[in-house]
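J.: Handing you a structure now.
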Amino acid sequence: MNCKVALSIDKIAVKKSFSKAARHYDQFAQLQRDIGVQLLNTVNKQDYKRILDLGCGTGYFSEKILHRYPQSHINCLDLCDAMLAQVAKKRLVNVTCQQGDIDNLPIDYDRFDLIFSNLVLQWSEDLCACLKQLKGRLSEGGKLHFSTLLTGTLNELTQAWRTVDQSPHTNSFLDIDTISEYLQQCGFSQLSIKTETRIVHYDNVIAVMRALKGVGANHVHGHQKGKLNGRKLIKQLEKGYQPFLNGSGQLNLTYQVCYVEAQK
Ligand SMILES: C[S@@+](CC[C@H](N)C(=O)[O-])C[C@H]1O[C@@H](n2cnc3c(N)ncnc32)[C@H](O)[C@@H]1O
């Protein structure tokens with residue numbers, strides 16, 4: 001399979017960011033919930049028995065899925081134990097939690113009738129290889145439904161930082177053609193890929209950074225982050241953000257979202 005070069009992701013650092021966010025994640029995750037609801041709406045009412053919630057976070061969608069398919073068993077997988085601890089607090093029946101990595105799935109895994117994954121696959125270091133693994137964990141005819149972020153996401157913040165320095169301060173994301181090519185290379189059928197632009201508004205740059213940190217999405221690959229402090233730096237960043245204010249003077253932050261439905 002002709003996949004592109006994999007990213008080198010510091011999983012320990014990613015895990016640390018999400019661990020710090022875990023307890024308060026749900027308070028900051030309105031956008032993630034809205035996207036997840038839309039993703040869940042793409043899943044049909046077929047009677048799925050074995051389901052994987054890949055990168056389950058606090059289990060918000062594991063619970064919703066269980067409601068919808070009460071006869072199912074759900075495996076919740078996440079890199080971050082602190083997220084899984086939040087799932088455990090929900091005391092859901094027929095749910096098994098396991099710490100694990102989307103790029104290196106546990107070998108003893110079942111075959112699943114449905115794999116659901118909301119806003120996780122952008123953290124894969126090799127999406128093509130990851131999709132291949134996921135296909136291997138689906139039963140014949142099993143369905144994969146995922147949402148992920150595309151190039152253009154956090155564009156305003158990326159550009160504002162470029163007026164300050166040339167270090168990476170935001171992660172880069174794959175484009176739709178690459179994701180589509182990977183899915184085809186993996187041999188998925190019945191492909192449906194939809195895209196959507198969502199723009200979130202914030203009062204100032206501190207609020208933007210707090211929002212990213214609040215959901216644990218503040219680790220930047222290959223960048224040793226310092227704290228966003230110092231009035232001068234904040235002022236510079238705010239100045240760089242000026243072209244991206246909306247009519248009410250708020251800061252726009254774009255999310256390019258992709259919703260994928262595929263079958264083995
Ligand atoms: C944006 S949150 C989404 C959580 C959940 N799916 C939801 O919609 O509420 C991303 C989740 O992916 C997990 N994650 C990040 N990298 C991962 C990896 N390599 N393997 C497994 N989970 C990962 C994080 O710990 C976090 O819980």
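Just remember, in the structure tokens the first chain shown is A, the second B, etc., residues are 1-based per chain, and ligands are 1-based in the order shown.
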Just the residues within 10 Å of segment 17-22 of chain A, please, counting only C-alpha atoms, with nothing from its chain fewer than 6 positions along; format it as a list in words.
T.: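 Surrounding residues, per the criterion: Lys11, Phe28, Gly57, Thr58, Leu79, Cys80, Asp81, Ala82, Met83, Leu84, Ala85, Gln86, Leu212, Lys213, Gly214, Val215, Gly216, Ala217, Asn218 and His219 of chain A.
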J.: Write out as a list in words each polymer residue whose atoms come within 8 Å of segment 189-202 of chain A, counting only C-alpha atoms; drop sequence neighbours fewer than 3 positions from it.
T.: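 Listing them by chain and then by number gives Ser180, Gln184, Val205, Ala207, Val208, Gln250, Leu251, Asn252, Leu253, Thr254, Tyr255, Gln256, Val257, Cys258, Tyr259, Val260, Glu261, Ala262, Gln263 and Lys264 of chain A.
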J.: Enumerate, in order of chain and increasing residue number, the residues of chain A with an atom no farther than 9 Å from ligand 1, each with its shortest atom pair and distance in Å to one decimal, counting only C-alpha atoms and all ligand atoms, as a Markdown table.
T.:
| residue | atom | partner | partner_atom_place_in_ligand_line | distance |
| --- | --- | --- | --- | --- |
| A:Ile9 | CA | ligand 1 | 19 (N) | 8.7 |
| A:Lys11 | CA | ligand 1 | 19 (N) | 6.6 |
| A:Val14 | CA | ligand 1 | 16 (N) | 6.4 |
| A:Lys15 | CA | ligand 1 | 25 (O) | 6.0 |
| A:Lys16 | CA | ligand 1 | 25 (O) | 8.8 |
| A:Ser17 | CA | ligand 1 | 25 (O) | 8.3 |
| A:Phe18 | CA | ligand 1 | 25 (O) | 5.1 |
| A:Ser19 | CA | ligand 1 | 25 (O) | 7.2 |
| A:Ala22 | CA | ligand 1 | 27 (O) | 7.6 |
| A:Tyr25 | CA | ligand 1 | 9 (O) | 8.3 |
| A:Asp26 | CA | ligand 1 | 9 (O) | 7.6 |
| A:Ala29 | CA | ligand 1 | 9 (O) | 7.2 |
| A:Gln32 | CA | ligand 1 | 8 (O) | 5.5 |
| A:Arg33 | CA | ligand 1 | 8 (O) | 6.1 |
| A:Ile35 | CA | ligand 1 | 8 (O) | 7.9 |
| A:Gly36 | CA | ligand 1 | 8 (O) | 5.6 |
| A:Val37 | CA | ligand 1 | 8 (O) | 8.9 |
| A:Asp53 | CA | ligand 1 | 6 (N) | 7.3 |
| A:Leu54 | CA | ligand 1 | 21 (C) | 6.8 |
| A:Gly55 | CA | ligand 1 | 22 (N) | 4.0 |
| A:Cys56 | CA | ligand 1 | 6 (N) | 4.2 |
| A:Gly57 | CA | ligand 1 | 27 (O) | 3.3 |
| A:Thr58 | CA | ligand 1 | 9 (O) | 6.1 |
| A:Gly59 | CA | ligand 1 | 9 (O) | 6.5 |
| A:Tyr60 | CA | ligand 1 | 9 (O) | 5.6 |
| A:Phe61 | CA | ligand 1 | 8 (O) | 6.3 |
| A:Ser62 | CA | ligand 1 | 6 (N) | 8.5 |
| A:Leu77 | CA | ligand 1 | 21 (C) | 6.4 |
| A:Asp78 | CA | ligand 1 | 22 (N) | 3.9 |
| A:Leu79 | CA | ligand 1 | 21 (C) | 3.9 |
| A:Cys80 | CA | ligand 1 | 25 (O) | 4.6 |
| A:Asp81 | CA | ligand 1 | 25 (O) | 8.1 |
| A:Ala82 | CA | ligand 1 | 25 (O) | 8.3 |
| A:Met83 | CA | ligand 1 | 27 (O) | 5.8 |
| A:Leu84 | CA | ligand 1 | 27 (O) | 8.2 |
| A:Gln99 | CA | ligand 1 | 21 (C) | 7.7 |
| A:Gly100 | CA | ligand 1 | 21 (C) | 5.7 |
| A:Asp101 | CA | ligand 1 | 20 (N) | 3.4 |
| A:Ile102 | CA | ligand 1 | 20 (N) | 4.0 |
| A:Asp103 | CA | ligand 1 | 19 (N) | 6.0 |
| A:Asn104 | CA | ligand 1 | 20 (N) | 8.0 |
| A:Leu105 | CA | ligand 1 | 20 (N) | 8.4 |
| A:Phe116 | CA | ligand 1 | 6 (N) | 8.5 |
| A:Ser117 | CA | ligand 1 | 6 (N) | 5.8 |
| A:Asn118 | CA | ligand 1 | 6 (N) | 4.3 |
| A:Leu119 | CA | ligand 1 | 1 (C) | 5.0 |
| A:Val120 | CA | ligand 1 | 12 (O) | 4.5 |
| A:Leu121 | CA | ligand 1 | 16 (N) | 7.6 |
| A:Gln122 | CA | ligand 1 | 16 (N) | 8.1 |
| A:Trp123 | CA | ligand 1 | 16 (N) | 4.8 |
| A:Ser124 | CA | ligand 1 | 19 (N) | 5.6 |
| A:Glu125 | CA | ligand 1 | 19 (N) | 7.7 |
| A:Val215 | CA | ligand 1 | 1 (C) | 6.4 |
| A:Gly216 | CA | ligand 1 | 26 (C) | 7.4 |
| A:Ala217 | CA | ligand 1 | 1 (C) | 6.9 |
J.: How many Å lie between atom CA of Glu63 of chain A and atom CA of Lys90 of chain A, rounded to one decimal?
T.: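 Computing it gives 8.3 Å between the two atoms.
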J.: Can you tell me how far atom CA of Lys132 of chain A sits from atom CA of Leu144 of chain A, in Å to one decimal?
T.: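 If I compute the distance from atom CA of Lys132 of chain A to atom CA of Leu144 of chain A, I get 11.5 Å.
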J.: Please identify the alpha helix (DSSP H) residues within segment 55-232 of chain A (assignment by DSSP from backbone atoms) and present them as a count of residues only.
T.: 58
J.: Might you pull out every residue within 9 Å of Ile115 of chain A, with only C-alpha atoms counted and same-chain residues fewer than 6 positions away left off, and present them as a PDB file with N, CA and C atoms, in the first residue's frame?
T.:
ATOM      1  N   ARG A  50     -21.439  -5.689  18.314  1.00  0.00           N
ATOM      2  CA  ARG A  50     -20.115  -5.377  18.878  1.00  0.00           C
ATOM      3  C   ARG A  50     -19.652  -4.047  18.296  1.00  0.00           C
ATOM      4  N   ILE A  51     -19.440  -3.096  19.208  1.00  0.00           N
ATOM      5  CA  ILE A  51     -19.140  -1.717  18.772  1.00  0.00           C
ATOM      6  C   ILE A  51     -17.834  -1.239  19.433  1.00  0.00           C
ATOM      7  N   LEU A  52     -17.040  -0.539  18.658  1.00  0.00           N
ATOM      8  CA  LEU A  52     -15.830   0.082  19.204  1.00  0.00           C
ATOM      9  C   LEU A  52     -15.989   1.597  19.152  1.00  0.00           C
ATOM     10  N   ASP A  53     -15.852   2.257  20.307  1.00  0.00           N
ATOM     11  CA  ASP A  53     -15.788   3.724  20.332  1.00  0.00           C
ATOM     12  C   ASP A  53     -14.305   4.074  20.434  1.00  0.00           C
ATOM     13  N   LEU A  54     -13.757   4.424  19.315  1.00  0.00           N
ATOM     14  CA  LEU A  54     -12.306   4.612  19.182  1.00  0.00           C
ATOM     15  C   LEU A  54     -11.914   6.037  19.572  1.00  0.00           C
ATOM     16  N   LEU A 134      -8.022  -0.698  11.176  1.00  0.00           N
ATOM     17  CA  LEU A 134      -9.449  -0.635  11.528  1.00  0.00           C
ATOM     18  C   LEU A 134     -10.257  -1.573  10.642  1.00  0.00           C
ATOM     19  N   ARG A 137     -10.217  -4.953  11.849  1.00  0.00           N
ATOM     20  CA  ARG A 137     -10.998  -5.210  13.080  1.00  0.00           C
ATOM     21  C   ARG A 137     -12.495  -5.144  12.842  1.00  0.00           C
ATOM     22  N   LEU A 138     -12.893  -4.977  11.581  1.00  0.00           N
ATOM     23  CA  LEU A 138     -14.338  -4.975  11.281  1.00  0.00           C
ATOM     24  C   LEU A 138     -14.771  -6.367  10.840  1.00  0.00           C
ATOM     25  N   GLY A 142     -19.042  -4.899   8.157  1.00  0.00           N
ATOM     26  CA  GLY A 142     -19.025  -3.968   9.295  1.00  0.00           C
ATOM     27  C   GLY A 142     -18.818  -2.530   8.832  1.00  0.00           C
ATOM     28  N   LYS A 143     -19.287  -1.581   9.667  1.00  0.00           N
ATOM     29  CA  LYS A 143     -19.262  -0.167   9.262  1.00  0.00           C
ATOM     30  C   LYS A 143     -18.260   0.652  10.083  1.00  0.00           C
ATOM     31  N   LEU A 144     -17.625   1.578   9.409  1.00  0.00           N
ATOM     32  CA  LEU A 144     -16.735   2.544  10.061  1.00  0.00           C
ATOM     33  C   LEU A 144     -17.345   3.927   9.876  1.00  0.00           C
ATOM     34  N   HIS A 145     -17.575   4.612  10.983  1.00  0.00           N
ATOM     35  CA  HIS A 145     -18.056   6.003  10.911  1.00  0.00           C
ATOM     36  C   HIS A 145     -17.085   6.865  11.703  1.00  0.00           C
ATOM     37  N   PHE A 146     -16.471   7.824  11.046  1.00  0.00           N
ATOM     38  CA  PHE A 146     -15.593   8.716  11.809  1.00  0.00           C
ATOM     39  C   PHE A 146     -15.684  10.160  11.325  1.00  0.00           C
TER      40      PHE A 146
END
J.: Report the residues of segment 196-261 of chain A whose backbone DSSP state falls under strand (DSSP E or B), written as a list of chain:residue names.
T.: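 Result set for segment 196-261 of chain A (strand (DSSP E or B)): A:Glu196, A:Thr197, A:Arg198, A:Ile199, A:Val200, A:His201, A:Tyr202, A:Leu245, A:Leu251, A:Asn252, A:Leu253, A:Thr254, A:Tyr255, A:Gln256, A:Val257, A:Cys258, A:Tyr259, A:Val260, A:Glu261.
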J.: Taking 5 positions as the minimum chain separation for residues in the same chain, which residues sit within 12 Å of Cys128 of chain A when counting only C-alpha atoms? Answer as a list in words.
T.: Met1, Asn2, Cys3, Lys4, Val5, Ala6, Leu7, Ile102, Asp103, Leu121, Gln122, Gln133, Leu134, Lys135, Leu174, Thr178, Ile179, Ser180, Glu181, Tyr182, Leu183, Gln184, Gln185, Cys186, Gly187 and Phe188 of chain A
J.: For a test of reading the model, state the distance in Å between atom CA of Ser139 of chain A and atom CA of Ile176 of chain A, rounded to one decimal.
T.: 26.0 Å
